[in-house]
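Asks: Below is the structure I would like to discuss, written out as structure tokens.
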Amino acid sequence: MIIGIINQKGGVGKTSVSTNVAHVYASQGARVLLVDADPQSKSATRWSSAREIEQLFPVIGMAKPTLHKDLPAVAKNYDITIIDGAPQLAEIGRSVVLASDMVVIPVQPSPYDVWSAADTVALVNEARVFKENLKAVFAVNRKIPNTVIGREVTEALAQYEIPTLKTHIVSRVAFSESAAEGLAVEEYEPNNPAAEEIRNLAAEIRRAGDDYEAMLADVATALGTPNG
């Protein structure tokens with residue numbers, strides 16, 4: 001399974017989601033590959049380089065518009081491949097989406113992020129011309145607790161007719177502190193609420209592969225429109 005973590009808007013926490021979810025799957029025994037597809041920040045590669053202990057999974061760079069052609073030959077040796085996508089680079093973003101079986105779109109709960117999600121959704125819809133069964137979900141990230149927009153973001157995202165995962169990742173200092181040491185939050189503070197949220201998110205992403213049609217039906221119900 002190839003999972004693309006992508007949003008054309010920067011600063012939404014793609015690398016945090018990518019590295020932490022990859023660690024969850026690897027710690028559960030899956031053979032995991034993390035692909036850094038951001039030619040500018042190379043955040044996943046730098047995160048891996050900051051580690052002082054052995055990594056549970058390899059991190060490779062593949063930031064090119066032919067990624068969807070080149071990655072499958074490498075990914076076949078792994079159970080799960082996660083791509084940390086690049087913002088503001090439509091050509092590479094399109095290739096990441098085409099390479100993926102499922103696209104996870106991290107979105108911060110703000111009006112600007114909800115509005116800008118349209119650019120990434122457009123890439124997904126373009127790719128579905130070639131990959132009819134491509135799945136896509138939103139993942140609410142860096143949520144500020146007890147805010148109106150934090151509570152209403154799922155409803156706001158429903159306009160795109162893409163399911164939003166029920167697990168929301170709260171903005172917590174543990175994510176920044178662990179990243180500075182090249183660690184997943186699970187390694188850094190396994191009992192921290194941040195680690196529990198990431199484990200729940202990772203589990204929900206995998207379940208979405210089996211329950212996607214039901215998730216789409218829920219979105220259609222929320223919008224008051226027929227499914228399909």
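Quick note on naming: the chains in the structure tokens go A, B, ... in the order shown, residues restart at 1 in each chain, and ligands are numbered from 1 in order of appearance.
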Can you pull out every residue within 8 Å of range 6-18 of chain A, counting only C-alpha atoms, but drop anything in the same chain fewer than 4 positions away, and send it as a count of residues only?

Replies: 31

Asks: Taking the DSSP secondary structure from the backbone, can you list the residues of range 28-224 of chain A that are strand (DSSP E or B), as a list of chain:residue names?

Replies: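 Here are the strand (DSSP E or B) residues of range 28-224 of chain A: A:Val32, A:Leu33, A:Leu34, A:Val35, A:Asp36, A:Val59, A:Ile60, A:Gly61, A:Ile80, A:Thr81, A:Ile82, A:Ile83, A:Asp84, A:Met102, A:Val103, A:Val104, A:Ile105, A:Pro106, A:Val107, A:Lys135, A:Ala136, A:Val137, A:Phe138, A:Ala139, A:Val140, A:Lys143, A:Thr164, A:Val170.
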
Asks: Could you check the closest approach to Ala63 in chain A for each of A:Thr154, A:Ser41, A:Ile80, A:Asp36 and tell me which residue wins, using only C-alpha atoms?

Replies: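 Among the listed residues, the smallest separation from Ala63 in chain A belongs to A:Asp36.
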
Asks: Could you give me, as a list in words, the residues within 9 Å of Thr45 in chain A, counting only C-alpha atoms and dropping anything in the same chain fewer than 2 positions from it?

Replies: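 My list of contacting residues is Val35, Asp36, Ser41, Lys42, Ser43, Trp47, Ser48, Ser49, Ala50, Val59, Ile60 and Gly61 of chain A.
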
Asks: Apply DSSP to the structure's backbone, then extract all residues of range 24-170 of chain A labelled helix (DSSP H, G or I) and return them as number ranges by chain.

Replies: A: 24-27, 43-49, 67-75, 90-99, 111-127, 148-160

Asks: What gap, in Å, lies between CA of Ala208 in chain A and CA of Ala136 in chain A?

Replies: 9.1 Å

Asks: Have a look at A:Glu161, A:Asp79, A:Gly29, A:Ile205 and name the one nearest to Ile5 in chain A; count only C-alpha atoms.

Replies: A:Ile205

Asks: Give the answer as one residue: which of A:Pro111, A:Pro163, A:Gly4, A:Pro193 has the shortest atom-to-atom distance to Asp211 in chain A, using only C-alpha atoms?

Replies: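 For Asp211 in chain A, the nearest of the given residues is A:Pro163.
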
Asks: To one decimal place, how far is CA of Ala158 in chain A from CA of Asn133 in chain A in Å?

Replies: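 Distance reported for this atom pair: 19.4 Å.
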
Asks: Let me make sure I understand: among A:Ile92, A:Ile144, A:Val21, A:Val170, which one has the smallest atom-to-atom distance to Glu204 in chain A if we use only C-alpha atoms?

Replies: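 Counting only C-alpha atoms, the residue closest to Glu204 in chain A is A:Val21.
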
Asks: Could you tell me which of A:Met1, A:Gln28, A:His23, A:Pro109 comes closest to Pro72 in chain A if we count only C-alpha atoms?

Replies: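 Answer, going by the shortest atom-to-atom distance: A:Met1.
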